[in-house]
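Worksheet: one structure, shown below.
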Amino acid sequence: MLQRSATRWARTLTVLGPMLTAVLLASAPIGAQAPATPEPTLAPGPGMELTMQRCVICHEAQHITRSRLTRAEWLENTELMIKRGAPVAANEIAPIVDYLFAYYGRNDDGSARPRPAGAAAAASTTAPSAGGSRDVQTVLATYGCTGCHAVDRKMVGPSFKEVAHRFGSEAGGTERVARRIREGGAGAWGSIPMPPHPAINDDELRALVTWVFAQR
Ligand code: HEC
Ligand code: HEC
């Protein structure tokens with residue numbers, strides 16, 4: 001993984017124009033302030049859903065979560081991504097850049113910016129409340145599931161009710177859904193991928209799957 005990203009990094013630097021190189025180099029020293037393990041998914045908050053849909057198509061969310069850029073650099077990055085084919089409409093640039101800067105920003109002097117205080121609270125208020133034990137709610141919040149899923153409406157991913165209806169009475173449904181949660185995947189519900197969650201342990205996974213199937 002490290003080696004792969006190192007290779008990509010080298011490729012990126014040689015292949016892309018000086019503009020991206022400047023952006024990447026500018027962000028390099030701040031790597032130290034980024035989380036040691038890049039978060040596999042974008043942080044829940046205003047604009048996250050749109051940013052997921054427009055940006056996490058060609059590459060993983062880690063490209064974003066390991067970066068810390070100034071507002072001007074995020075704007076430059078977004079414009080570059082549009083040149084590379086990101087399907088972002090003109091009026092979507094501002095909300096995406098606002099989101100990126102709020103959650104993955106740094107100040108012009110290079111110092112770190114704290115995450116918006118509402119982020120954790122937002123995650124817990126959007127957590128599905130129907131019939132979940134506190135433990136499962138904690139797991140859902142810990143892994144950011146509720147940034148993309150709700151119990152009974154489609155968000156970035158399908159609602160948990162839809163998943164329960166579709167796979168609840170299917171042979172092998174439990175194993176399928178468990179594997180999907182841990183390994184991620186795409187194509188069953190649309191073109192947006194679900195990120196993998198390799199850190200989920202067996203107990204958490206069992207609790208999640210049981211809970212999802214109880215949402216019918
Ligand atoms: C059409 C495909 C595509 C889309 C959509 C896309 N990108 Fe990219 N992105 C790339 C390519 C290609 C690279 C450079 C090669 C690489 O590192 O994989 C890149 C690199 C990056 C990098 C540098 C990452 C690093 O750590 O090396 C960031 C940050 C980034 N993209 C953010 C975004 C954001 C924000 C959006 C949404 C506005 C977005 N991308 C949408 C194709 C895309
Ligand atoms: C970044 C957004 C995102 C996050 C975070 C996320 N998911 Fe998903 N999830 C999706 C998308 C998108 C799909 C649909 C993928 C597809 O079309 O195959 C999906 C699909 C699913 C499915 C259906 C699986 C199947 O077999 O088709 C389940 C169950 C699920 N997610 C549970 C979870 C759980 C539990 C978590 C937290 C551990 C989580 N998701 C985190 C976006 C996300």
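Labels for the structure tokens follow display order: chains A, B, ..., residues from 1 in each chain, ligands from 1.
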
Just want the residues within 6 Å of ligand 1, written as a ChimeraX atom specification, counting only C-alpha atoms and all ligand atoms. /A:8-9,12,54-55,57-58,63-64,67,78,81,84-86

Dump as a short mmCIF file (atom, residue, chain, number, x, y, z; two decimals), in the first residue's frame, selection limited to C-alpha atoms:
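Result file follows (selection14.cif):
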data_model
loop_
_atom_site.label_atom_id
_atom_site.label_comp_id
_atom_site.auth_asym_id
_atom_site.auth_seq_id
_atom_site.Cartn_x
_atom_site.Cartn_y
_atom_site.Cartn_z
CA ARG A 8 1.73 6.69 -7.81
CA TRP A 9 3.26 9.69 -6.20
CA THR A 12 1.93 11.87 -10.47
CA ARG A 54 -18.28 14.00 -7.56
CA CYS A 55 -14.85 13.16 -6.25
CA ILE A 57 -15.25 8.03 -8.52
CA CYS A 58 -11.77 7.69 -10.01
CA HIS A 63 -6.56 11.04 -1.88
CA ILE A 64 -8.59 13.70 -0.14
CA SER A 67 -4.37 16.07 2.04
CA THR A 78 -10.89 20.91 -7.87
CA MET A 81 -9.91 17.42 -11.30
CA ARG A 84 -9.25 15.44 -15.66
CA GLY A 85 -12.93 14.63 -16.06
CA ALA A 86 -14.59 15.11 -12.66
#

Each residue of chain A lying at most 8 Å from ligand 2 should get a row with its shortest atom-to-atom pair and the distance in Å to one decimal, counting only C-alpha atoms and all ligand atoms; could you produce that, ordered by chain and increasing number, as a Markdown table?
| residue | atom | partner | partner_atom_place_in_ligand_line | distance |
| --- | --- | --- | --- | --- |
| A:Pro40 | CA | ligand 2 | 5 (C) | 7.9 |
| A:Thr41 | CA | ligand 2 | 1 (C) | 5.1 |
| A:Leu42 | CA | ligand 2 | 1 (C) | 6.4 |
| A:Met52 | CA | ligand 2 | 1 (C) | 6.5 |
| A:Ala61 | CA | ligand 2 | 1 (C) | 7.9 |
| A:Val139 | CA | ligand 2 | 38 (C) | 7.3 |
| A:Leu140 | CA | ligand 2 | 37 (C) | 5.6 |
| A:Ala141 | CA | ligand 2 | 37 (C) | 7.9 |
| A:Tyr143 | CA | ligand 2 | 38 (C) | 5.0 |
| A:Gly144 | CA | ligand 2 | 5 (C) | 5.0 |
| A:Cys145 | CA | ligand 2 | 37 (C) | 3.5 |
| A:Thr146 | CA | ligand 2 | 5 (C) | 6.9 |
| A:Gly147 | CA | ligand 2 | 5 (C) | 5.8 |
| A:Cys148 | CA | ligand 2 | 2 (C) | 4.4 |
| A:His149 | CA | ligand 2 | 7 (N) | 6.3 |
| A:Val156 | CA | ligand 2 | 12 (C) | 5.3 |
| A:Gly157 | CA | ligand 2 | 11 (C) | 3.6 |
| A:Pro158 | CA | ligand 2 | 13 (C) | 6.0 |
| A:Phe160 | CA | ligand 2 | 29 (C) | 6.6 |
| A:Val163 | CA | ligand 2 | 23 (C) | 5.6 |
| A:Ala164 | CA | ligand 2 | 29 (C) | 7.9 |
| A:Phe167 | CA | ligand 2 | 26 (O) | 7.4 |
| A:Gly173 | CA | ligand 2 | 26 (O) | 7.6 |
| A:Arg176 | CA | ligand 2 | 26 (O) | 5.5 |
| A:Val177 | CA | ligand 2 | 26 (O) | 4.1 |
| A:Ala178 | CA | ligand 2 | 29 (C) | 7.2 |
| A:Arg179 | CA | ligand 2 | 26 (O) | 7.6 |
| A:Arg180 | CA | ligand 2 | 24 (C) | 5.2 |
| A:Ile181 | CA | ligand 2 | 32 (C) | 5.3 |
| A:Arg182 | CA | ligand 2 | 38 (C) | 7.4 |
| A:Gly184 | CA | ligand 2 | 8 (Fe) | 7.4 |
| A:Gly185 | CA | ligand 2 | 18 (O) | 5.3 |
| A:Ala186 | CA | ligand 2 | 18 (O) | 3.4 |
| A:Gly187 | CA | ligand 2 | 17 (O) | 4.1 |
| A:Ala188 | CA | ligand 2 | 18 (O) | 3.5 |
| A:Trp189 | CA | ligand 2 | 17 (O) | 3.3 |
| A:Gly190 | CA | ligand 2 | 17 (O) | 4.2 |
| A:Ser191 | CA | ligand 2 | 17 (O) | 5.8 |
| A:Ile192 | CA | ligand 2 | 12 (C) | 4.6 |
| A:Pro193 | CA | ligand 2 | 12 (C) | 4.7 |
| A:Met194 | CA | ligand 2 | 10 (C) | 3.7 |
| A:Pro195 | CA | ligand 2 | 1 (C) | 5.9 |
| A:Pro196 | CA | ligand 2 | 41 (C) | 7.9 |
| A:His197 | CA | ligand 2 | 38 (C) | 6.1 |
| A:Ile200 | CA | ligand 2 | 38 (C) | 7.3 |
| A:Leu205 | CA | ligand 2 | 35 (C) | 7.8 |
| A:Leu208 | CA | ligand 2 | 35 (C) | 5.9 |
| A:Val209 | CA | ligand 2 | 29 (C) | 7.1 |
| A:Val212 | CA | ligand 2 | 29 (C) | 6.7 |

Counting only C-alpha atoms, figure out which residue out of A:Gly172, A:Arg66, A:Val136, A:Ala90 gets nearest to Gly105 (chain A).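 Looking at the shortest contact to Gly105 (chain A), the residue is A:Arg66.
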
Given the choices A:Arg68, A:Arg115, A:Arg106, A:Arg216, which gets closest to Asp152 (chain A) if the distance is worked out from only C-alpha atoms? A:Arg216

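Take the candidates A:Leu75, A:Ala214, A:Ile82, A:Met155 and check each one against Tyr99 (chain A) using only C-alpha atoms; the shortest distance goes to A:Leu75.
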
Gap from CA of Gly168 (chain A) to CA of Gln137 (chain A) - Å, one decimal: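 Those two atoms sit 20.2 Å apart.
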
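Separating CA of Ser159 (chain A) from CA of Asn201 (chain A) is a distance of 22.6 Å.
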
What's the separation between CA of Glu175 (chain A) and CA of Glu49 (chain A), in Å to one decimal place? 27.7 Å

Go through A:Gln215, A:Arg206, A:Arg113, A:Glu92 and flag the residue nearest Lys161 (chain A), using only C-alpha atoms for the distances.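 Using only C-alpha atoms, the shortest distance to Lys161 (chain A) belongs to A:Gln215.
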
For each of A:Tyr103, A:Thr51, A:Pro95, A:Glu39, take the minimum atom-to-atom distance to Ala199 (chain A), counting only C-alpha atoms, then give the residue where this is smallest.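 Closest candidate: A:Glu39.
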
Point out the residue among A:Gln62, A:Leu100, A:Phe213, A:Ala94 with the least atom-to-atom distance to Met48 (chain A), counting only C-alpha atoms.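 The shortest atom-to-atom distance to Met48 (chain A) comes from A:Leu100.
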
Picked from region 47-167 of chain A by DSSP as helix (DSSP H, G or I), as a ChimeraX atom specification: /A:48-55,62-65,71-83,90-104,118-125,134-142,145-147,160-167

Mind writing the picked residues with C-alpha atoms as a tab-separated table (two decimals), in the first residue's frame?
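Result file again38.tsv:
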chain	number	residue	atom	x	y	z
A	48	MET	CA	-19.90	15.57	2.15
A	49	GLU	CA	-22.54	13.81	0.08
A	50	LEU	CA	-21.93	15.97	-3.00
A	51	THR	CA	-18.17	15.70	-2.63
A	52	MET	CA	-18.40	11.89	-2.37
A	53	GLN	CA	-20.52	11.75	-5.50
A	54	ARG	CA	-18.28	14.00	-7.56
A	55	CYS	CA	-14.85	13.16	-6.25
A	62	GLN	CA	-7.83	8.76	0.88
A	63	HIS	CA	-6.56	11.04	-1.88
A	64	ILE	CA	-8.59	13.70	-0.14
A	65	THR	CA	-8.40	12.63	3.50
A	71	ARG	CA	-8.79	27.16	0.27
A	72	ALA	CA	-6.95	28.45	-2.82
A	73	GLU	CA	-5.20	25.11	-3.23
A	74	TRP	CA	-8.46	23.15	-2.91
A	75	LEU	CA	-9.99	25.38	-5.55
A	76	GLU	CA	-7.01	24.79	-7.81
A	77	ASN	CA	-7.16	21.05	-7.12
A	78	THR	CA	-10.89	20.91	-7.87
A	79	GLU	CA	-10.44	22.81	-11.13
A	80	LEU	CA	-7.66	20.42	-12.09
A	81	MET	CA	-9.91	17.42	-11.30
A	82	ILE	CA	-12.58	18.92	-13.53
A	83	LYS	CA	-10.00	19.11	-16.32
A	90	ALA	CA	-20.05	25.26	-12.09
A	91	ASN	CA	-22.41	25.88	-9.17
A	92	GLU	CA	-21.10	22.82	-7.32
A	93	ILE	CA	-17.52	24.06	-7.11
A	94	ALA	CA	-18.15	26.42	-4.19
A	95	PRO	CA	-19.94	23.92	-1.92
A	96	ILE	CA	-17.30	21.26	-2.65
A	97	VAL	CA	-14.39	23.62	-1.99
A	98	ASP	CA	-16.12	24.86	1.20
A	99	TYR	CA	-16.45	21.28	2.39
A	100	LEU	CA	-12.87	20.33	1.49
A	101	PHE	CA	-11.43	23.40	3.15
A	102	ALA	CA	-13.55	22.97	6.29
A	103	TYR	CA	-12.62	19.33	6.83
A	104	TYR	CA	-9.25	18.97	5.08
A	118	GLY	CA	-20.37	20.29	14.66
A	119	ALA	CA	-18.83	17.33	12.84
A	120	ALA	CA	-19.09	14.77	15.61
A	121	ALA	CA	-22.49	16.04	16.70
A	122	ALA	CA	-23.76	15.92	13.13
A	123	ALA	CA	-22.61	12.33	12.84
A	124	SER	CA	-24.51	11.32	15.94
A	125	THR	CA	-27.71	13.21	15.12
A	134	ARG	CA	-26.48	1.69	21.63
A	135	ASP	CA	-23.57	-0.56	20.72
A	136	VAL	CA	-24.53	-0.72	17.09
A	137	GLN	CA	-25.13	3.02	17.01
A	138	THR	CA	-21.61	3.50	18.33
A	139	VAL	CA	-20.17	1.20	15.68
A	140	LEU	CA	-22.11	2.98	12.93
A	141	ALA	CA	-20.85	6.35	14.13
A	142	THR	CA	-17.28	5.13	14.66
A	145	CYS	CA	-21.52	4.55	8.12
A	146	THR	CA	-24.16	7.13	8.90
A	147	GLY	CA	-22.43	9.69	6.71
A	160	PHE	CA	-30.56	-0.08	5.52
A	161	LYS	CA	-34.23	-1.02	5.01
A	162	GLU	CA	-33.67	-1.54	1.27
A	163	VAL	CA	-30.62	-3.69	2.00
A	164	ALA	CA	-32.62	-5.76	4.50
A	165	HIS	CA	-35.46	-6.23	2.00
A	166	ARG	CA	-33.17	-7.19	-0.83
A	167	PHE	CA	-30.89	-9.62	0.96
